[in-house]
file entry12.pdb (PDB, C-alpha atoms, pLDDT in the B column)
MODEL        1
ATOM      1  CA  MET A   1      45.410-142.670-103.752  1.00 88.00           C
ATOM      2  CA  PHE A   2      45.000-139.684-106.110  1.00 93.00           C
ATOM      3  CA  PHE A   3      45.522-136.123-104.931  1.00 95.00           C
ATOM      4  CA  LEU A   4      45.878-132.624-106.374  1.00 96.00           C
ATOM      5  CA  ARG A   5      49.139-131.096-105.156  1.00 96.00           C
ATOM      6  CA  GLN A   6      50.760-127.693-105.553  1.00 97.00           C
ATOM      7  CA  LEU A   7      54.365-128.389-106.529  1.00 97.00           C
ATOM      8  CA  THR A   8      57.409-126.499-107.761  1.00 96.00           C
ATOM      9  CA  HIS A   9      60.122-127.391-110.237  1.00 96.00           C
ATOM     10  CA  THR A  10      63.275-125.557-111.277  1.00 96.00           C
ATOM     11  CA  ILE A  11      64.234-125.535-114.947  1.00 96.00           C
ATOM     12  CA  LEU A  12      67.738-124.659-116.180  1.00 94.00           C
ATOM     13  CA  LEU A  13      67.640-123.258-119.697  1.00 92.00           C
ATOM     14  CA  HIS A  14      70.508-122.778-122.155  1.00 91.00           C
ATOM     15  CA  PRO A  15      70.781-119.288-123.719  1.00 90.00           C
ATOM     16  CA  SER A  16      70.075-120.695-127.186  1.00 90.00           C
ATOM     17  CA  TYR A  17      66.397-121.046-126.142  1.00 89.00           C
ATOM     18  CA  PHE A  18      66.004-117.380-125.197  1.00 90.00           C
ATOM     19  CA  GLY A  19      63.617-115.699-127.602  1.00 90.00           C
ATOM     20  CA  ALA A  20      59.990-115.253-128.551  1.00 92.00           C
ATOM     21  CA  GLN A  21      59.071-118.908-127.872  1.00 92.00           C
ATOM     22  CA  LEU A  22      60.698-118.971-124.404  1.00 92.00           C
ATOM     23  CA  GLU A  23      57.490-119.411-122.406  1.00 93.00           C
ATOM     24  CA  ASP A  24      56.174-122.159-124.703  1.00 94.00           C
ATOM     25  CA  TYR A  25      59.463-124.007-124.399  1.00 94.00           C
ATOM     26  CA  LEU A  26      59.386-123.690-120.585  1.00 95.00           C
ATOM     27  CA  ARG A  27      55.863-125.145-120.465  1.00 95.00           C
ATOM     28  CA  GLN A  28      56.857-128.057-122.706  1.00 96.00           C
ATOM     29  CA  LYS A  29      60.019-128.679-120.669  1.00 96.00           C
ATOM     30  CA  LEU A  30      58.022-128.706-117.413  1.00 96.00           C
ATOM     31  CA  TYR A  31      55.642-131.363-118.776  1.00 96.00           C
ATOM     32  CA  GLU A  32      58.569-133.480-120.018  1.00 96.00           C
ATOM     33  CA  ASP A  33      60.540-133.152-116.767  1.00 96.00           C
ATOM     34  CA  VAL A  34      57.840-133.979-114.225  1.00 96.00           C
ATOM     35  CA  GLU A  35      55.069-136.098-115.771  1.00 96.00           C
ATOM     36  CA  GLY A  36      55.648-139.787-115.157  1.00 94.00           C
ATOM     37  CA  THR A  37      58.248-139.268-112.440  1.00 95.00           C
ATOM     38  CA  CYS A  38      58.127-140.376-108.827  1.00 94.00           C
ATOM     39  CA  SER A  39      58.908-138.348-105.758  1.00 89.00           C
ATOM     40  CA  GLY A  40      58.997-140.300-102.514  1.00 85.00           C
ATOM     41  CA  LYS A  41      57.505-137.322-100.700  1.00 89.00           C
ATOM     42  CA  TYR A  42      54.546-136.705-103.037  1.00 93.00           C
ATOM     43  CA  GLY A  43      54.171-139.956-104.995  1.00 94.00           C
ATOM     44  CA  TYR A  44      53.922-140.564-108.737  1.00 96.00           C
ATOM     45  CA  ILE A  45      53.250-137.387-110.705  1.00 96.00           C
ATOM     46  CA  ILE A  46      50.595-138.516-113.145  1.00 96.00           C
ATOM     47  CA  SER A  47      49.750-135.285-114.940  1.00 96.00           C
ATOM     48  CA  VAL A  48      50.295-131.533-114.741  1.00 97.00           C
ATOM     49  CA  VAL A  49      46.841-129.951-114.536  1.00 97.00           C
ATOM     50  CA  THR A  50      47.738-126.259-114.556  1.00 97.00           C
ATOM     51  CA  ILE A  51      50.885-124.197-114.561  1.00 96.00           C
ATOM     52  CA  ASN A  52      50.296-121.542-111.932  1.00 96.00           C
ATOM     53  CA  ASP A  53      53.412-119.420-112.342  1.00 95.00           C
ATOM     54  CA  ILE A  54      56.668-119.350-114.245  1.00 93.00           C
ATOM     55  CA  GLY A  55      58.987-117.104-112.292  1.00 92.00           C
ATOM     56  CA  GLU A  56      61.406-114.648-113.801  1.00 92.00           C
ATOM     57  CA  GLY A  57      64.618-116.252-114.948  1.00 91.00           C
ATOM     58  CA  LYS A  58      67.826-115.714-113.011  1.00 94.00           C
ATOM     59  CA  ILE A  59      71.031-115.836-115.048  1.00 93.00           C
ATOM     60  CA  MET A  60      73.595-118.231-113.573  1.00 92.00           C
ATOM     61  CA  PRO A  61      77.065-116.641-113.393  1.00 91.00           C
ATOM     62  CA  GLY A  62      79.691-118.319-115.542  1.00 89.00           C
ATOM     63  CA  THR A  63      77.371-120.527-117.603  1.00 88.00           C
ATOM     64  CA  GLY A  64      74.893-118.063-119.060  1.00 89.00           C
ATOM     65  CA  GLN A  65      72.044-120.454-118.301  1.00 93.00           C
ATOM     66  CA  ALA A  66      68.852-119.132-116.780  1.00 95.00           C
ATOM     67  CA  ARG A  67      67.069-120.730-113.836  1.00 96.00           C
ATOM     68  CA  PHE A  68      63.275-120.560-113.817  1.00 96.00           C
ATOM     69  CA  LYS A  69      61.202-121.602-110.808  1.00 97.00           C
ATOM     70  CA  CYS A  70      57.813-122.937-111.907  1.00 97.00           C
ATOM     71  CA  SER A  71      54.840-123.663-109.671  1.00 97.00           C
ATOM     72  CA  TYR A  72      52.144-126.001-110.915  1.00 97.00           C
ATOM     73  CA  THR A  73      49.212-128.152-109.845  1.00 98.00           C
ATOM     74  CA  ALA A  74      49.501-131.872-110.555  1.00 97.00           C
ATOM     75  CA  ILE A  75      47.545-135.070-110.064  1.00 97.00           C
ATOM     76  CA  VAL A  76      49.700-137.368-107.946  1.00 97.00           C
ATOM     77  CA  MET A  77      49.226-140.995-106.957  1.00 96.00           C
ATOM     78  CA  LYS A  78      50.406-141.979-103.504  1.00 94.00           C
ATOM     79  CA  PRO A  79      49.404-145.378-102.106  1.00 94.00           C
ATOM     80  CA  PHE A  80      48.675-145.954 -98.422  1.00 93.00           C
ATOM     81  CA  LYS A  81      48.606-148.980 -96.163  1.00 95.00           C
ATOM     82  CA  GLY A  82      45.084-150.430 -95.968  1.00 96.00           C
ATOM     83  CA  GLU A  83      44.016-149.131 -99.372  1.00 96.00           C
ATOM     84  CA  VAL A  84      42.179-151.515-101.712  1.00 97.00           C
ATOM     85  CA  VAL A  85      43.382-151.303-105.319  1.00 97.00           C
ATOM     86  CA  ASP A  86      42.792-153.092-108.620  1.00 97.00           C
ATOM     87  CA  GLY A  87      45.754-154.126-110.720  1.00 97.00           C
ATOM     88  CA  LYS A  88      46.876-156.308-113.580  1.00 97.00           C
ATOM     89  CA  VAL A  89      49.233-159.245-112.970  1.00 97.00           C
ATOM     90  CA  VAL A  90      52.511-158.922-114.870  1.00 97.00           C
ATOM     91  CA  ASN A  91      54.601-161.763-113.415  1.00 96.00           C
ATOM     92  CA  VAL A  92      53.874-164.974-111.502  1.00 96.00           C
ATOM     93  CA  ASN A  93      56.431-167.202-109.750  1.00 95.00           C
ATOM     94  CA  LYS A  94      56.552-169.588-106.794  1.00 95.00           C
ATOM     95  CA  MET A  95      57.330-166.707-104.407  1.00 96.00           C
ATOM     96  CA  GLY A  96      54.165-164.812-105.357  1.00 96.00           C
ATOM     97  CA  PHE A  97      53.076-162.452-108.106  1.00 97.00           C
ATOM     98  CA  PHE A  98      53.602-158.867-109.203  1.00 97.00           C
ATOM     99  CA  ALA A  99      50.710-156.651-110.280  1.00 97.00           C
ATOM    100  CA  MET A 100      50.769-153.162-111.754  1.00 97.00           C
ATOM    101  CA  VAL A 101      48.426-150.526-110.353  1.00 96.00           C
ATOM    102  CA  GLY A 102      49.094-147.726-112.812  1.00 93.00           C
ATOM    103  CA  PRO A 103      52.797-146.937-112.324  1.00 93.00           C
ATOM    104  CA  LEU A 104      52.967-148.728-108.942  1.00 94.00           C
ATOM    105  CA  GLN A 105      54.218-152.305-108.766  1.00 95.00           C
ATOM    106  CA  VAL A 106      52.631-154.361-105.962  1.00 97.00           C
ATOM    107  CA  PHE A 107      54.078-157.694-104.841  1.00 98.00           C
ATOM    108  CA  VAL A 108      51.707-160.290-103.376  1.00 97.00           C
ATOM    109  CA  SER A 109      53.617-163.048-101.588  1.00 97.00           C
ATOM    110  CA  SER A 110      52.501-166.671-101.820  1.00 95.00           C
ATOM    111  CA  HIS A 111      51.853-166.409 -98.053  1.00 96.00           C
ATOM    112  CA  LEU A 112      49.340-163.611 -98.685  1.00 96.00           C
ATOM    113  CA  VAL A 113      47.076-165.475-101.134  1.00 95.00           C
ATOM    114  CA  HIS A 114      44.009-167.511-100.134  1.00 93.00           C
ATOM    115  CA  ALA A 115      44.870-170.797 -98.378  1.00 92.00           C
ATOM    116  CA  ASP A 116      43.176-172.878-101.077  1.00 93.00           C
ATOM    117  CA  MET A 117      45.238-171.311-103.888  1.00 94.00           C
ATOM    118  CA  LYS A 118      48.297-173.304-104.896  1.00 95.00           C
ATOM    119  CA  PHE A 119      51.119-172.449-107.269  1.00 95.00           C
ATOM    120  CA  ASP A 120      50.982-174.513-110.464  1.00 93.00           C
ATOM    121  CA  PRO A 121      54.469-174.530-112.049  1.00 90.00           C
ATOM    122  CA  ASN A 122      53.390-176.942-114.811  1.00 92.00           C
ATOM    123  CA  ALA A 123      50.726-174.629-116.187  1.00 90.00           C
ATOM    124  CA  SER A 124      51.587-172.505-119.169  1.00 90.00           C
ATOM    125  CA  PRO A 125      51.780-169.705-118.149  1.00 91.00           C
ATOM    126  CA  GLN A 126      52.555-170.332-114.470  1.00 94.00           C
ATOM    127  CA  CYS A 127      49.665-169.496-112.173  1.00 95.00           C
ATOM    128  CA  TYR A 128      48.054-169.699-108.747  1.00 96.00           C
ATOM    129  CA  ARG A 129      44.997-171.913-108.951  1.00 94.00           C
ATOM    130  CA  SER A 130      42.048-172.809-106.728  1.00 93.00           C
ATOM    131  CA  ASN A 131      38.702-174.450-107.499  1.00 91.00           C
ATOM    132  CA  ASP A 132      37.129-171.232-108.761  1.00 90.00           C
ATOM    133  CA  GLU A 133      40.038-168.833-109.428  1.00 92.00           C
ATOM    134  CA  VAL A 134      43.130-168.677-111.619  1.00 94.00           C
ATOM    135  CA  ILE A 135      45.673-165.900-111.206  1.00 95.00           C
ATOM    136  CA  GLN A 136      48.132-165.721-114.080  1.00 95.00           C
ATOM    137  CA  ARG A 137      49.739-163.068-116.284  1.00 95.00           C
ATOM    138  CA  ASP A 138      47.206-160.421-117.490  1.00 95.00           C
ATOM    139  CA  THR A 139      44.629-161.367-114.821  1.00 95.00           C
ATOM    140  CA  CYS A 140      42.920-158.425-113.116  1.00 97.00           C
ATOM    141  CA  VAL A 141      43.098-158.699-109.319  1.00 97.00           C
ATOM    142  CA  ARG A 142      41.765-156.750-106.361  1.00 97.00           C
ATOM    143  CA  MET A 143      44.178-156.514-103.434  1.00 97.00           C
ATOM    144  CA  GLU A 144      44.770-154.603-100.248  1.00 97.00           C
ATOM    145  CA  ILE A 145      48.052-152.794 -99.692  1.00 97.00           C
ATOM    146  CA  VAL A 146      49.565-154.048 -96.439  1.00 97.00           C
ATOM    147  CA  GLY A 147      52.826-152.132 -96.620  1.00 96.00           C
ATOM    148  CA  CYS A 148      54.685-149.447 -98.541  1.00 94.00           C
ATOM    149  CA  ARG A 149      58.361-148.612 -98.679  1.00 92.00           C
ATOM    150  CA  ILE A 150      59.023-145.108 -99.894  1.00 90.00           C
ATOM    151  CA  GLU A 151      62.442-144.158-101.229  1.00 89.00           C
ATOM    152  CA  ALA A 152      63.669-140.897-102.742  1.00 86.00           C
ATOM    153  CA  ASN A 153      62.561-141.714-106.285  1.00 88.00           C
ATOM    154  CA  ASP A 154      60.443-144.848-106.016  1.00 89.00           C
ATOM    155  CA  ILE A 155      57.630-146.493-104.082  1.00 92.00           C
ATOM    156  CA  PHE A 156      57.366-150.234-103.414  1.00 92.00           C
ATOM    157  CA  ALA A 157      54.203-151.913-102.132  1.00 96.00           C
ATOM    158  CA  ILE A 158      53.242-155.286-100.683  1.00 97.00           C
ATOM    159  CA  GLY A 159      49.677-156.505-101.100  1.00 97.00           C
ATOM    160  CA  THR A 160      47.383-159.291 -99.945  1.00 97.00           C
ATOM    161  CA  ILE A 161      44.421-161.103-101.450  1.00 96.00           C
ATOM    162  CA  LYS A 162      43.880-163.206 -98.309  1.00 95.00           C
ATOM    163  CA  LYS A 163      40.720-161.312 -97.323  1.00 93.00           C
ATOM    164  CA  ASP A 164      37.093-161.505 -98.384  1.00 92.00           C
ATOM    165  CA  PHE A 165      36.277-160.092-101.827  1.00 92.00           C
ATOM    166  CA  MET A 166      39.966-159.950-102.806  1.00 95.00           C
ATOM    167  CA  GLY A 167      41.528-161.848-105.690  1.00 94.00           C
ATOM    168  CA  GLN A 168      40.630-162.302-109.322  1.00 95.00           C
ATOM    169  CA  ILE A 169      38.165-159.788-110.728  1.00 93.00           C
ATOM    170  CA  GLN A 170      35.657-161.369-113.079  1.00 81.00           C
ATOM    171  CA  ASP A 171      35.318-159.425-116.345  1.00 65.00           C
TER
ENDMDL
END
call {"tool": "encode", "arguments": {"input": "entry12.pdb", "output": "structure tokens"}}
result
Amino acid sequence: MFFLRQLTHTILLHPSYFGAQLEDYLRQKLYEDVEGTCSGKYGYIISVVTINDIGEGKIMPGTGQARFKCSYTAIVMKPFKGEVVDGKVVNVNKMGFFAMVGPLQVFVSSHLVHADMKFDPNASPQCYRSNDEVIQRDTCVRMEIVGCRIEANDIFAIGTIKKDFMGQIQD
């Protein structure tokens, strides 16, 4: 799920930022540009741990902007099929429910919940209910990722709670 990765990022900088504070501005810009983003290849970039190198700037002809290539080490989150994760339910409907696992949204279909759990549309808020469990908004759940779809700038996951020890987590 969480990995340390060596990554690179290119920053274009307007000439008005050239000066004594150039390196500080480049560091700040790197944090702003990459933290909280998603790359399909590497996953969600959670945090920049260290900035390894800020290359020398190359002036772009015609614009006067400088291009800096930065290399850095980051903590990334990339989910895998078969991984067990804990999340917080954010939405429940008759089709299933959505849970957030950090920045990753996991959908659990109504077909992938325990057989004894039934959708209760009359409850406020709506929920899946069994004799000993209630899954509704803000419930913490443990689920297994059964599939991931990775796109250029986003990751989508499908989960299940239809296995032993999966479902609502008792606080």
call {"tool": "axis_aligned_box", "arguments": {"input": "entry12.pdb", "around": "segment 37-44 of chain A", "padding_each_side": "3 Å", "output": "JSON"}}
result
{"center_x": 56.5, "center_y": -138.6, "center_z": -106.6, "size_x": 11.1, "size_y": 9.9, "size_z": 17.7}
call {"tool": "closest_atom_pairs", "arguments": {"input": "entry12.pdb", "of": "segment 64-84 of chain A", "to": "segment 160-166 of chain A", "cutoff": "12 Å", "atoms": "only C-alpha atoms", "output": "JSON lines"}}
result
{"residue": "A:Lys81", "atom": "CA", "partner": "A:Thr160", "partner_atom": "CA", "distance": 11.1}
{"residue": "A:Gly82", "atom": "CA", "partner": "A:Thr160", "partner_atom": "CA", "distance": 10.0}
{"residue": "A:Glu83", "atom": "CA", "partner": "A:Thr160", "partner_atom": "CA", "distance": 10.7}
{"residue": "A:Val84", "atom": "CA", "partner": "A:Met166", "partner_atom": "CA", "distance": 8.8}
call {"tool": "atom_distance", "arguments": {"input": "entry12.pdb", "atom1": "atom CA of Ala99 of chain A", "atom2": "atom CA of Gly147 of chain A"}}
result
14.5 Å
call {"tool": "resolve_selection", "arguments": {"input": "entry12.pdb", "expression": "the PyMOL selection byres ((chain A and resi 122-138) around 10)", "output": "MDAnalysis selection string"}}
result
chainID A and resid 87:94 96:100 110 113:121 139:141 167:170
call {"tool": "residues_near_point", "arguments": {"input": "entry12.pdb", "point": "(72.3, -117.2, -117.1)", "cutoff": "12 Å", "atoms": "all atoms listed in the file", "output": "PyMOL selection string"}}
result
chain A and resi 11-18+56-68
call {"tool": "closest_residue", "arguments": {"input": "entry12.pdb", "among": "A:Ala152, A:Asp86, A:Thr8, A:Ile54", "to": "Leu22 of chain A", "atoms": "only C-alpha atoms"}}
result
A:Ile54
call {"tool": "resolve_selection", "arguments": {"input": "entry12.pdb", "expression": "the PyMOL selection byres ((chain A and resi 151) around 12)", "output": "list in words"}}
result
Cys38, Ser39, Gly40, Lys41, Tyr42, Gly43, Tyr44, Cys148, Arg149, Ile150, Ala152, Asn153, Asp154, Ile155, Phe156 and Ala157 of chain A
call {"tool": "closest_residue", "arguments": {"input": "entry12.pdb", "among": "A:Ser109, A:Val34, A:His9, A:Asn52", "to": "Lys69 of chain A", "atoms": "all atoms listed in the file"}}
result
A:His9
call {"tool": "atom_distance", "arguments": {"input": "entry12.pdb", "atom1": "atom CA of Tyr25 of chain A", "atom2": "atom CA of Ser47 of chain A"}}
result
17.6 Å
call {"tool": "atom_distance", "arguments": {"input": "entry12.pdb", "atom1": "atom CA of Ile46 of chain A", "atom2": "atom CA of Ile75 of chain A"}}
result
5.5 Å
